[in-house]
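Novice: What follows is run-v8.pdb, PDB, C-alpha atoms.
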```
ATOM      1  CA  MET A   7      73.662  87.637 111.759
ATOM      2  CA  LYS A   8      71.784  85.785 109.051
ATOM      3  CA  MET A   9      73.144  85.956 105.534
ATOM      4  CA  ARG A  10      71.136  85.494 102.390
ATOM      5  CA  ARG A  11      71.755  81.933 101.239
ATOM      6  CA  ASP A  12      71.131  82.284  97.502
ATOM      7  CA  TRP A  13      73.764  84.839  96.703
ATOM      8  CA  MET A  14      76.474  82.951  94.852
ATOM      9  CA  ASN A  15      77.378  79.683  93.245
ATOM     10  CA  ALA A  16      80.446  78.923  95.316
ATOM     11  CA  PRO A  17      81.658  76.232  97.723
ATOM     12  CA  GLU A  18      80.054  76.150 101.130
ATOM     13  CA  LYS A  19      83.438  76.877 102.714
ATOM     14  CA  ASN A  20      83.417  80.348 101.090
ATOM     15  CA  ARG A  21      79.879  81.042 102.221
ATOM     16  CA  ALA A  22      80.723  79.992 105.775
ATOM     17  CA  GLU A  23      83.918  82.030 105.729
ATOM     18  CA  LEU A  24      82.180  85.200 104.555
ATOM     19  CA  GLU A  25      79.487  84.692 107.161
ATOM     20  CA  ARG A  26      82.160  84.588 109.848
ATOM     21  CA  ILE A  27      83.885  87.653 108.386
ATOM     22  CA  LEU A  28      80.633  89.643 108.424
ATOM     23  CA  PHE A  29      79.856  88.496 111.971
ATOM     24  CA  LEU A  30      83.255  89.722 113.149
ATOM     25  CA  LEU A  31      82.866  92.991 111.263
ATOM     26  CA  GLU A  32      79.478  93.549 112.878
ATOM     27  CA  THR A  33      81.073  93.378 116.337
ATOM     28  CA  GLU A  34      83.478  96.170 115.352
ATOM     29  CA  PHE A  35      81.439  98.277 112.940
ATOM     30  CA  GLU A  36      77.725  99.032 112.531
ATOM     31  CA  PHE A  37      76.530  98.526 108.965
ATOM     32  CA  SER A  38      73.131  97.965 107.354
ATOM     33  CA  ILE A  39      73.940  96.144 104.109
ATOM     34  CA  ALA A  40      76.852  94.097 102.789
ATOM     35  CA  ILE A  41      77.337  93.827  99.022
ATOM     36  CA  LEU A  42      79.719  91.352  97.443
ATOM     37  CA  TYR A  43      81.093  92.310  94.029
ATOM     38  CA  GLY A  44      83.881  91.270  91.676
ATOM     39  CA  ARG A  45      85.228  87.768  91.165
ATOM     40  CA  TYR A  46      82.999  85.892  93.599
ATOM     41  CA  VAL A  47      79.805  87.045  91.905
ATOM     42  CA  GLY A  48      81.145  86.817  88.370
ATOM     43  CA  GLY A  49      81.528  90.576  87.972
ATOM     44  CA  ARG A  50      83.727  92.212  85.354
ATOM     45  CA  MET A  51      85.051  94.864  87.760
ATOM     46  CA  ARG A  52      87.698  92.886  89.586
ATOM     47  CA  ASN A  53      90.413  93.672  92.041
ATOM     48  CA  GLU A  54      93.851  92.994  90.559
ATOM     49  CA  MET A  55      94.688  91.372  93.893
ATOM     50  CA  GLN A  56      91.641  89.070  93.578
ATOM     51  CA  GLY A  57      89.855  87.751  96.695
ATOM     52  CA  TYR A  58      86.631  88.814  98.409
ATOM     53  CA  GLU A  59      85.427  92.338  97.610
ATOM     54  CA  LEU A  60      82.901  93.857  99.993
ATOM     55  CA  LEU A  61      81.056  97.165 100.116
ATOM     56  CA  LEU A  62      79.474  97.868 103.511
ATOM     57  CA  LEU A  63      76.647 100.418 103.520
ATOM     58  CA  THR A  64      75.830 102.393 106.658
ATOM     59  CA  HIS A  65      72.838 104.504 107.636
ATOM     60  CA  ASP A  66      75.041 107.382 108.843
ATOM     61  CA  ASP A  67      78.590 108.286 107.871
ATOM     62  CA  PRO A  68      80.846 105.248 108.396
ATOM     63  CA  SER A  69      82.827 105.197 111.630
ATOM     64  CA  HIS A  70      85.565 103.158 109.933
ATOM     65  CA  GLU A  71      87.190 103.120 106.531
ATOM     66  CA  GLY A  72      87.706  99.861 104.702
ATOM     67  CA  TRP A  73      91.439  99.603 105.380
ATOM     68  CA  GLN A  74      90.802  99.891 109.128
ATOM     69  CA  LEU A  75      88.398  96.946 108.989
ATOM     70  CA  GLU A  76      90.895  94.952 106.942
ATOM     71  CA  GLU A  77      93.484  95.599 109.655
ATOM     72  CA  TYR A  78      91.008  94.550 112.354
ATOM     73  CA  LEU A  79      90.324  91.254 110.582
ATOM     74  CA  LYS A  80      94.020  90.454 110.384
ATOM     75  CA  SER A  81      93.964  89.917 114.151
ATOM     76  CA  ALA A  82      90.346  88.780 114.587
ATOM     77  CA  PHE A  83      90.527  86.251 111.733
ATOM     78  CA  PRO A  84      94.170  85.783 110.636
ATOM     79  CA  THR A  85      94.771  85.169 106.951
ATOM     80  CA  SER A  86      96.538  81.908 107.788
ATOM     81  CA  LYS A  87      93.191  80.511 108.949
ATOM     82  CA  ARG A  88      91.153  81.574 105.913
ATOM     83  CA  HIS A  89      90.455  79.668 102.709
ATOM     84  CA  GLU A  90      90.547  82.979 100.809
ATOM     85  CA  TRP A  91      93.058  85.264 102.486
ATOM     86  CA  LYS A  92      92.725  88.209 100.080
ATOM     87  CA  LEU A  93      90.057  90.723 101.044
ATOM     88  CA  HIS A  94      89.193  94.281 100.039
ATOM     89  CA  ILE A  95      86.594  96.325 101.945
ATOM     90  CA  GLU A  96      84.976  99.668 101.144
ATOM     91  CA  THR A  97      82.520 101.576 103.334
ATOM     92  CA  VAL A  98      80.024 104.314 102.438
ATOM     93  CA  ASN A  99      76.712 105.606 103.723
ATOM     94  CA  ILE A 100      73.561 104.622 101.863
ATOM     95  CA  HIS A 101      72.665 108.211 100.929
ATOM     96  CA  THR A 102      75.996 108.707  99.171
ATOM     97  CA  PHE A 103      75.695 105.353  97.440
ATOM     98  CA  ASN A 104      72.195 106.188  96.202
ATOM     99  CA  ASN A 105      72.989 109.685  95.011
ATOM    100  CA  THR A 106      76.428 109.486  93.386
ATOM    101  CA  ASN A 107      75.980 106.383  91.274
ATOM    102  CA  THR A 108      75.314 108.392  88.114
ATOM    103  CA  ALA A 109      78.765 109.957  88.383
ATOM    104  CA  SER A 110      80.735 107.154  90.030
ATOM    105  CA  TRP A 111      82.034 104.344  87.849
ATOM    106  CA  PHE A 112      82.910 102.310  90.943
ATOM    107  CA  PHE A 113      79.460 102.530  92.566
ATOM    108  CA  TRP A 114      77.692 102.078  89.242
ATOM    109  CA  ASN A 115      79.513  98.805  88.619
ATOM    110  CA  ILE A 116      78.609  97.577  92.081
ATOM    111  CA  ARG A 117      74.978  98.461  91.386
ATOM    112  CA  THR A 118      74.985  96.490  88.128
ATOM    113  CA  GLU A 119      77.130  93.527  89.203
ATOM    114  CA  GLY A 120      77.045  93.350  93.000
ATOM    115  CA  THR A 121      74.904  91.064  95.133
ATOM    116  CA  ILE A 122      73.509  91.841  98.575
ATOM    117  CA  ILE A 123      74.654  89.029 100.872
ATOM    118  CA  TYR A 124      73.407  90.573 104.110
ATOM    119  CA  ASP A 125      70.930  93.253 105.100
ATOM    120  CA  ASN A 126      69.362  94.247 108.387
ATOM    121  CA  GLY A 127      65.885  94.122 106.872
ATOM    122  CA  ARG A 128      65.260  97.846 107.135
ATOM    123  CA  GLU A 129      67.071  99.619 104.306
ATOM    124  CA  ALA A 130      67.684  97.261 101.386
ATOM    125  CA  LEU A 131      64.716  98.612  99.411
ATOM    126  CA  GLY A 132      66.549 101.880  98.823
ATOM    127  CA  VAL A 133      69.512 100.183  97.144
ATOM    128  CA  PHE A 134      69.862  99.473  93.425
ATOM    129  CA  ARG A 135      66.926 101.755  92.651
ATOM    130  CA  ASN A 136      68.802 103.706  89.992
ATOM    131  CA  THR A 137      71.408 102.103  87.735
ATOM    132  CA  MET A 138      71.775 104.881  85.157
ATOM    133  CA  PHE A 139      75.360 105.899  84.492
ATOM    134  CA  LYS A 140      76.147 109.313  83.014
ATOM    135  CA  HIS A 141      79.550 109.002  81.383
ATOM    136  CA  ILE A 142      80.105 112.726  80.807
ATOM    137  CA  GLU A 143      79.124 113.632  84.362
ATOM    138  CA  ALA A 144      81.449 110.937  85.667
ATOM    139  CA  TYR A 145      84.213 112.105  83.353
ATOM    140  CA  LYS A 146      83.986 115.745  84.444
ATOM    141  CA  LEU A 147      84.099 114.801  88.125
ATOM    142  CA  ALA A 148      86.975 112.362  87.704
ATOM    143  CA  ARG A 149      88.871 114.748  85.431
ATOM    144  CA  SER A 150      88.707 117.631  87.900
ATOM    145  CA  GLN A 151      89.887 115.418  90.757
ATOM    146  CA  TYR A 152      92.653 113.919  88.645
ATOM    147  CA  ASP A 153      93.858 117.319  87.470
ATOM    148  CA  TYR A 154      94.059 118.582  91.053
ATOM    149  CA  PHE A 155      95.866 115.639  92.611
ATOM    150  CA  PHE A 156      98.023 114.484  89.707
ATOM    151  CA  ASN A 157      99.131 117.942  88.588
ATOM    152  CA  ASN A 158      99.976 119.017  92.123
ATOM    153  CA  GLY A 159     101.735 115.740  92.861
ATOM    154  CA  SER A 160     103.777 116.077  89.675
ATOM    155  CA  ALA A 161     104.642 119.692  90.528
ATOM    156  CA  MET A 162     105.815 118.580  93.984
ATOM    157  CA  LEU A 163     108.026 115.953  92.391
ATOM    158  CA  ASP A 164     109.485 118.571  90.050
ATOM    159  CA  ASP A 165     110.047 120.880  93.031
ATOM    160  CA  ALA A 166     111.825 118.084  94.898
ATOM    161  CA  GLU A 167     114.299 117.736  92.028
ATOM    162  CA  ARG A 168     114.825 121.489  91.864
ATOM    163  CA  LEU A 169     115.361 121.778  95.619
ATOM    164  CA  TRP A 170     117.809 118.888  95.563
ATOM    165  CA  ASP A 171     119.795 120.597  92.823
ATOM    166  CA  GLU A 172     119.772 123.749  94.971
ATOM    167  CA  GLN A 173     121.278 121.672  97.807
ATOM    168  CA  LYS A 174     118.188 121.882 100.015
ATOM    169  CA  PRO A 175     117.734 118.197 100.937
ATOM    170  CA  ALA A 176     115.299 118.773 103.813
ATOM    171  CA  LEU A 177     112.855 120.676 101.617
ATOM    172  CA  ALA A 178     113.335 118.166  98.801
ATOM    173  CA  ALA A 179     112.474 115.330 101.221
ATOM    174  CA  ILE A 180     109.200 116.950 102.263
ATOM    175  CA  GLN A 181     108.191 117.484  98.638
ATOM    176  CA  LEU A 182     108.958 113.847  97.800
ATOM    177  CA  SER A 183     106.681 112.661 100.591
ATOM    178  CA  TYR A 184     103.738 114.829  99.602
ATOM    179  CA  ALA A 185     104.244 114.020  95.922
ATOM    180  CA  ALA A 186     103.719 110.332  96.753
ATOM    181  CA  GLN A 187     100.510 111.098  98.638
ATOM    182  CA  PHE A 188      99.040 113.277  95.903
ATOM    183  CA  LEU A 189      99.898 110.844  93.096
ATOM    184  CA  LEU A 190      98.229 107.977  94.939
ATOM    185  CA  ARG A 191      95.172 110.118  95.621
ATOM    186  CA  ALA A 192      94.905 110.859  91.912
ATOM    187  CA  GLN A 193      94.577 107.124  91.241
ATOM    188  CA  GLU A 194      92.061 106.699  94.063
ATOM    189  CA  THR A 195      89.788 109.554  93.094
ATOM    190  CA  VAL A 196      89.610 108.603  89.410
ATOM    191  CA  PHE A 197      88.557 105.016  90.120
ATOM    192  CA  TYR A 198      86.574 105.414  93.351
ATOM    193  CA  GLY A 199      85.442 109.030  93.362
ATOM    194  CA  ASN A 200      87.103 109.695  96.732
ATOM    195  CA  PHE A 201      90.258 108.991  98.708
ATOM    196  CA  ILE A 202      90.818 107.452 102.116
ATOM    197  CA  HIS A 203      91.638 109.905 104.890
ATOM    198  CA  THR A 204      95.022 108.753 106.070
ATOM    199  CA  SER A 205      98.601 109.934 105.727
ATOM    200  CA  ASN A 206      99.758 106.301 105.771
ATOM    201  CA  LEU A 207     101.159 105.758 102.287
ATOM    202  CA  GLN A 208     100.971 101.972 102.501
ATOM    203  CA  LYS A 209      97.238 102.194 103.172
ATOM    204  CA  SER A 210      96.753 104.631 100.290
ATOM    205  CA  PHE A 211      98.799 102.439  97.978
ATOM    206  CA  ARG A 212      96.811  99.303  98.886
ATOM    207  CA  ARG A 213      93.673 101.053  97.705
ATOM    208  CA  ALA A 214      95.224 102.769  94.684
ATOM    209  CA  ARG A 215      96.658  99.510  93.313
ATOM    210  CA  VAL A 216      93.290  97.712  93.271
ATOM    211  CA  PHE A 217      92.584  98.492  89.611
ATOM    212  CA  SER A 218      96.150  98.734  88.311
ATOM    213  CA  LYS A 219      98.090  95.571  87.524
ATOM    214  CA  ARG A 220     101.162  97.668  86.753
ATOM    215  CA  LEU A 221     101.109  99.167  90.249
ATOM    216  CA  VAL A 222     100.686  95.679  91.704
ATOM    217  CA  ASP A 223     103.662  94.427  89.711
ATOM    218  CA  ALA A 224     105.851  97.491  90.321
ATOM    219  CA  PHE A 225     105.503  97.704  94.104
ATOM    220  CA  ASN A 226     105.054  94.530  96.133
ATOM    221  CA  LEU A 227     104.244  95.247  99.776
ATOM    222  CA  ASN A 228     105.128  91.642 100.652
ATOM    223  CA  TYR A 229     108.687  92.448  99.537
ATOM    224  CA  PRO A 230     110.365  94.176 102.533
ATOM    225  CA  PRO A 231     112.313  96.809 100.510
ATOM    226  CA  ASP A 232     109.091  97.940  98.768
ATOM    227  CA  ALA A 233     107.145  98.063 102.032
ATOM    228  CA  LEU A 234     110.001 100.019 103.624
ATOM    229  CA  LEU A 235     110.014 102.440 100.677
ATOM    230  CA  PHE A 236     106.486 103.629 101.511
ATOM    231  CA  GLU A 237     107.303 103.905 105.221
ATOM    232  CA  GLN A 238     110.386 105.979 104.452
ATOM    233  CA  LEU A 239     108.553 108.227 101.995
ATOM    234  CA  GLU A 240     105.869 108.873 104.604
ATOM    235  CA  GLY A 241     108.496 109.667 107.222
ATOM    236  CA  LEU A 242     110.213 112.216 104.997
ATOM    237  CA  ARG A 243     107.524 114.813 105.684
ATOM    238  CA  ARG A 244     108.322 114.757 109.438
ATOM    239  CA  ALA A 245     111.986 113.809 109.658
ATOM    240  CA  PRO A 246     113.443 117.241 108.765
ATOM    241  CA  ARG A 247     111.308 118.870 111.462
ATOM    242  CA  ASN A 248     111.941 116.223 114.118
ATOM    243  CA  HIS A 249     115.667 115.710 113.606
ATOM    244  CA  THR A 250     118.094 118.612 113.507
ATOM    245  CA  ASP A 251     120.727 116.269 112.127
ATOM    246  CA  PHE A 252     118.492 115.097 109.256
ATOM    247  CA  ALA A 253     120.444 113.908 106.228
ATOM    248  CA  LEU A 254     119.391 112.538 102.861
ATOM    249  CA  SER A 255     122.077 110.778 100.869
ATOM    250  CA  GLU A 256     122.378 110.964  97.104
ATOM    251  CA  ARG A 257     121.616 107.250  96.907
ATOM    252  CA  GLN A 258     118.448 107.557  99.005
ATOM    253  CA  TYR A 259     117.261 110.587  97.095
ATOM    254  CA  ARG A 260     117.683 108.879  93.730
ATOM    255  CA  ARG A 261     115.878 105.777  94.961
ATOM    256  CA  TYR A 262     112.871 107.810  96.125
ATOM    257  CA  ARG A 263     112.832 110.002  93.039
ATOM    258  CA  ASP A 264     113.089 107.079  90.607
ATOM    259  CA  ALA A 265     110.338 105.160  92.409
ATOM    260  CA  LEU A 266     108.026 108.171  92.266
ATOM    261  CA  ARG A 267     108.775 108.806  88.600
ATOM    262  CA  LYS A 268     107.834 105.188  87.910
ATOM    263  CA  MET A 269     104.648 105.567  89.967
ATOM    264  CA  GLN A 270     103.844 108.837  88.196
ATOM    265  CA  GLY A 271     104.069 107.206  84.759
ATOM    266  CA  ILE A 272     101.948 104.212  85.753
ATOM    267  CA  ILE A 273      99.252 106.402  87.303
ATOM    268  CA  ARG A 274      99.229 108.756  84.322
ATOM    269  CA  ASP A 275      98.641 105.828  81.951
ATOM    270  CA  SER A 276      96.138 104.062  84.201
ATOM    271  CA  CYS A 277      94.045 107.165  84.831
ATOM    272  CA  GLY A 278      94.349 108.262  81.222
ATOM    273  CA  ARG A 279      92.801 105.021  79.973
ATOM    274  CA  HIS A 280      89.990 105.195  82.496
ATOM    275  CA  LEU A 281      89.268 108.871  81.826
ATOM    276  CA  PHE A 282      89.082 108.099  78.097
ATOM    277  CA  TYR A 283      86.559 105.345  78.826
ATOM    278  CA  LEU A 284      84.457 107.647  81.001
ATOM    279  CA  GLN A 285      84.461 110.355  78.340
ATOM    280  CA  HIS A 286      83.636 108.138  75.372
ATOM    281  CA  GLY A 287      81.809 105.200  76.938
ATOM    282  CA  LYS A 288      84.339 102.890  75.288
ATOM    283  CA  SER A 289      88.004 102.121  75.620
ATOM    284  CA  ALA A 290      90.500 103.359  73.022
ATOM    285  CA  ALA A 291      91.044  99.729  71.992
ATOM    286  CA  GLN A 292      87.300  99.228  71.410
ATOM    287  CA  ILE A 293      87.081 102.365  69.272
ATOM    288  CA  LYS A 294      90.119 101.315  67.256
ATOM    289  CA  ALA A 295      88.616  97.871  66.659
ATOM    290  CA  GLU A 296      85.320  99.401  65.523
ATOM    291  CA  GLU A 297      87.115 101.730  63.121
ATOM    292  CA  ALA A 298      89.090  98.827  61.686
ATOM    293  CA  LYS A 299      85.889  96.856  61.226
ATOM    294  CA  ARG A 300      84.196  99.747  59.432
ATOM    295  CA  ALA A 301      87.224 100.233  57.186
ATOM    296  CA  GLU A 302      87.232  96.542  56.343
ATOM    297  CA  ALA A 303      83.531  96.634  55.530
ATOM    298  CA  ALA A 304      84.020  99.701  53.300
ATOM    299  CA  GLU A 305      86.567  97.829  51.222
TER     300      GLU A 305
END
```
For this file, write the structure as structure tokens.
Specialist:
Amino acid sequence: MKMRRDWMNAPEKNRAELERILFLLETEFEFSIAILYGRYVGGRMRNEMQGYELLLLTHDDPSHEGWQLEEYLKSAFPTSKRHEWKLHIETVNIHTFNNTNTASWFFWNIRTEGTIIYDNGREALGVFRNTMFKHIEAYKLARSQYDYFFNNGSAMLDDAERLWDEQKPALAAIQLSYAAQFLLRAQETVFYGNFIHTSNLQKSFRRARVFSKRLVDAFNLNYPPDALLFEQLEGLRRAPRNHTDFALSERQYRRYRDALRKMQGIIRDSCGRHLFYLQHGKSAAQIKAEEAKRAEAAE
């Protein structure tokens, strides 16, 4: 693999490290183009977790999702041996990337700020051809996805509370588990335009937290109780079916419910701000500042 050598103003150790990462990825996953975006190319769209941010474009539908490649690299190139141990990977086929950019805030930002650091020499000409972003189109798509996932996730959480009050802990447990999945998918679809296809809540959370500092601060997967929380929530959808002696204590139930209510509020606020930006082309803070400036000028 030969990387482009003029792609960023960064220490040689980072260039060499990314070259090794892409070489290892190529042995596991066939991709045509690698785009670096975010912090390491001076982009404004940045992962709250920081680190390398890579979008891998494929000719056909990707055989792997980004989280699977991140897991692969943990063994192929352990974080303890890297200069930059934080890494976020996304995968998508070139056709999707070329044809959804007008309605995808995530892809549009990569088109305007990303830098191709590797290509196979056959398909790069079709990338970055169109950088128009249609805010209203993006808003309508994101709004419909948000309404579906967030509203259903919230309804499941409400149902869990009702079922618990009706002394039906097994049914309440299942609703808690699916509420977590739907709430996280609401965050994913608003910011990315899609969600990863996995029932693993830790994997979904890792992706959903990328653009939410409050999610990062509220749930730390390096803190064993928080990591266990997601494992337990995921298990709740199967435990009542697999164990005839399934039991959910009052203490456990309240812990799960309170965590999901916190997650629900964070996601509502996070998505609300982003949906407002998509609809108006500006943040609420920017509009407020402009109004204040006009009022000051009028005086």
Novice: Of the candidates A:His101, A:Lys299, A:Lys209, A:Arg168, which shows the shortest atom-to-atom distance to Leu75 (chain A), using all atoms listed in the file?
Specialist: A:Lys209
Novice: Residues picked by the PyMOL selection byres ((chain A and resi 68) around 7) here, as a list of chain:residue names?
Specialist: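 Listing what the PyMOL selection byres ((chain A and resi 68) around 7) selects in the shown file: A:Thr64, A:Asp66, A:Asp67, A:Ser69, A:His70, A:Glu71, A:Thr97, A:Val98, A:Asn99.
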Novice: Please return, as a PyMOL selection string, all polymer residues that have at least one atom within 8 Å of the point (90.2, 82.5, 101.5); use only C-alpha atoms and the file's own coordinate frame.
Specialist: chain A and resi 20+23+57-58+85+88-92
Novice: Selection from above, C-alpha atoms, as a CSV table (one decimal), in the frame of the given file, can you write it?
Specialist:
```
chain,number,residue,atom,x,y,z
A,20,ASN,CA,83.4,80.3,101.1
A,23,GLU,CA,83.9,82.0,105.7
A,57,GLY,CA,89.9,87.8,96.7
A,58,TYR,CA,86.6,88.8,98.4
A,85,THR,CA,94.8,85.2,107.0
A,88,ARG,CA,91.2,81.6,105.9
A,89,HIS,CA,90.5,79.7,102.7
A,90,GLU,CA,90.5,83.0,100.8
A,91,TRP,CA,93.1,85.3,102.5
A,92,LYS,CA,92.7,88.2,100.1
```
Novice: Could you pull the residues within 12 Å of Arg247 (chain A), counting only C-alpha atoms, minus those fewer than 6 positions along the same chain, as a PyMOL selection string?
Specialist: chain A and resi 176-177+179-180+241+253
Novice: Please compute the CA of Leu60 (chain A)-CA of Gly120 (chain A) distance, one decimal, in Å.
Specialist: 9.1 Å
Novice: If you apply the PyMOL selection byres ((chain A and resi 24-39) around 6) to this file, what residues do you get, as a list of chain:residue names?
Specialist: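 Taken over the shown coordinates, the PyMOL selection byres ((chain A and resi 24-39) around 6) returns A:Arg21, A:Ala22, A:Glu23, A:Ala40, A:Leu62, A:Leu63, A:Thr64, A:Tyr124, A:Asp125, A:Asn126.
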Novice: Between A:Leu147, A:Ile202, A:Met269, A:Phe112, which one has atoms that come closest to Phe225 (chain A), using only C-alpha atoms?
Specialist: A:Met269
Novice: Point out the residue among A:Glu77, A:Ser110, A:Ser210, A:Lys19 with the least atom-to-atom distance to Glu143 (chain A), counting all atoms listed in the file.
Specialist: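 With all atoms listed in the file as the atom set, the closest residue is A:Ser110.
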Novice: Give the answer as one residue: which of A:Glu302, A:Asp264, A:Glu96, A:Glu119 has the shortest atom-to-atom distance to Leu235 (chain A), using all atoms listed in the file?
Specialist: A:Asp264
Novice: Excluding Leu239 (chain A) and any residue of its chain fewer than 6 positions from it, enumerate the residues within 12 Å of it, using only C-alpha atoms, and give them as a list in words.
Specialist: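 Contacts, in chain order: Ala178, Ala179, Ile180, Gln181, Leu182, Ser183, Tyr184, Ala185, Ala186, Gln187, Ser205, Asn206, Leu207, Gln208, Asp232, Ala233, Ala245, Leu254, Gln258, Tyr259, Arg261, Tyr262, Arg263, Ala265 and Leu266 of chain A.
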Novice: If we count only C-alpha atoms, what is near Met138 (chain A) at a cut-off of 12 Å, once residues fewer than 6 positions away on the same chain are taken out, given as JSON, numbers by chain?
Specialist: {"A": [104, 105, 106, 107, 108, 109, 110, 111, 113, 114, 115, 117, 118, 144]}
Novice: With N, CA and C atoms as the goal, would you fill in the gaps in region 94-112 of chain A and present it as a PDB file, keeping the file's coordinate frame?
Specialist:
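Once everything was written out, this is selection_34.pdb:
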```
ATOM      1  N   HIS A  94      89.215  92.829 100.192  1.00  0.00           N
ATOM      2  CA  HIS A  94      89.193  94.281 100.039  1.00  0.00           C
ATOM      3  C   HIS A  94      87.832  94.788 100.499  1.00  0.00           C
ATOM      4  N   ILE A  95      87.829  95.794 101.370  1.00  0.00           N
ATOM      5  CA  ILE A  95      86.594  96.325 101.945  1.00  0.00           C
ATOM      6  C   ILE A  95      86.492  97.819 101.663  1.00  0.00           C
ATOM      7  N   GLU A  96      85.297  98.248 101.278  1.00  0.00           N
ATOM      8  CA  GLU A  96      84.976  99.668 101.144  1.00  0.00           C
ATOM      9  C   GLU A  96      83.761  99.955 102.016  1.00  0.00           C
ATOM     10  N   THR A  97      83.678 101.173 102.538  1.00  0.00           N
ATOM     11  CA  THR A  97      82.520 101.576 103.334  1.00  0.00           C
ATOM     12  C   THR A  97      81.977 102.908 102.817  1.00  0.00           C
ATOM     13  N   VAL A  98      80.651 103.055 102.864  1.00  0.00           N
ATOM     14  CA  VAL A  98      80.024 104.314 102.438  1.00  0.00           C
ATOM     15  C   VAL A  98      78.614 104.353 103.012  1.00  0.00           C
ATOM     16  N   ASN A  99      78.092 105.556 103.239  1.00  0.00           N
ATOM     17  CA  ASN A  99      76.712 105.606 103.723  1.00  0.00           C
ATOM     18  C   ASN A  99      75.733 105.442 102.564  1.00  0.00           C
ATOM     19  N   ILE A 100      74.550 104.967 102.880  1.00  0.00           N
ATOM     20  CA  ILE A 100      73.561 104.622 101.863  1.00  0.00           C
ATOM     21  C   ILE A 100      73.168 105.842 101.033  1.00  0.00           C
ATOM     22  N   HIS A 101      73.050 107.007 101.672  1.00  0.00           N
ATOM     23  CA  HIS A 101      72.665 108.211 100.929  1.00  0.00           C
ATOM     24  C   HIS A 101      73.681 108.514  99.834  1.00  0.00           C
ATOM     25  N   THR A 102      74.953 108.452 100.167  1.00  0.00           N
ATOM     26  CA  THR A 102      75.996 108.707  99.171  1.00  0.00           C
ATOM     27  C   THR A 102      75.927 107.680  98.052  1.00  0.00           C
ATOM     28  N   PHE A 103      75.769 106.421  98.431  1.00  0.00           N
ATOM     29  CA  PHE A 103      75.695 105.353  97.440  1.00  0.00           C
ATOM     30  C   PHE A 103      74.522 105.559  96.486  1.00  0.00           C
ATOM     31  N   ASN A 104      73.383 106.006  97.022  1.00  0.00           N
ATOM     32  CA  ASN A 104      72.195 106.188  96.202  1.00  0.00           C
ATOM     33  C   ASN A 104      72.241 107.433  95.325  1.00  0.00           C
ATOM     34  N   ASN A 105      73.053 108.398  95.699  1.00  0.00           N
ATOM     35  CA  ASN A 105      72.989 109.685  95.011  1.00  0.00           C
ATOM     36  C   ASN A 105      74.224 110.041  94.194  1.00  0.00           C
ATOM     37  N   THR A 106      75.242 109.195  94.197  1.00  0.00           N
ATOM     38  CA  THR A 106      76.428 109.486  93.386  1.00  0.00           C
ATOM     39  C   THR A 106      76.653 108.441  92.310  1.00  0.00           C
ATOM     40  N   ASN A 107      75.736 107.470  92.215  1.00  0.00           N
ATOM     41  CA  ASN A 107      75.980 106.383  91.274  1.00  0.00           C
ATOM     42  C   ASN A 107      76.025 106.845  89.818  1.00  0.00           C
ATOM     43  N   THR A 108      75.325 107.934  89.501  1.00  0.00           N
ATOM     44  CA  THR A 108      75.314 108.392  88.114  1.00  0.00           C
ATOM     45  C   THR A 108      76.653 108.986  87.708  1.00  0.00           C
ATOM     46  N   ALA A 109      77.476 109.350  88.697  1.00  0.00           N
ATOM     47  CA  ALA A 109      78.765 109.957  88.383  1.00  0.00           C
ATOM     48  C   ALA A 109      79.938 109.145  88.923  1.00  0.00           C
ATOM     49  N   SER A 110      79.671 107.977  89.465  1.00  0.00           N
ATOM     50  CA  SER A 110      80.735 107.154  90.030  1.00  0.00           C
ATOM     51  C   SER A 110      80.797 105.814  89.315  1.00  0.00           C
ATOM     52  N   TRP A 111      81.845 105.613  88.555  1.00  0.00           N
ATOM     53  CA  TRP A 111      82.034 104.344  87.849  1.00  0.00           C
ATOM     54  C   TRP A 111      82.077 103.182  88.831  1.00  0.00           C
ATOM     55  N   PHE A 112      82.750 103.368  89.939  1.00  0.00           N
ATOM     56  CA  PHE A 112      82.910 102.310  90.943  1.00  0.00           C
ATOM     57  C   PHE A 112      81.559 101.889  91.509  1.00  0.00           C
TER      58      PHE A 112
END
```
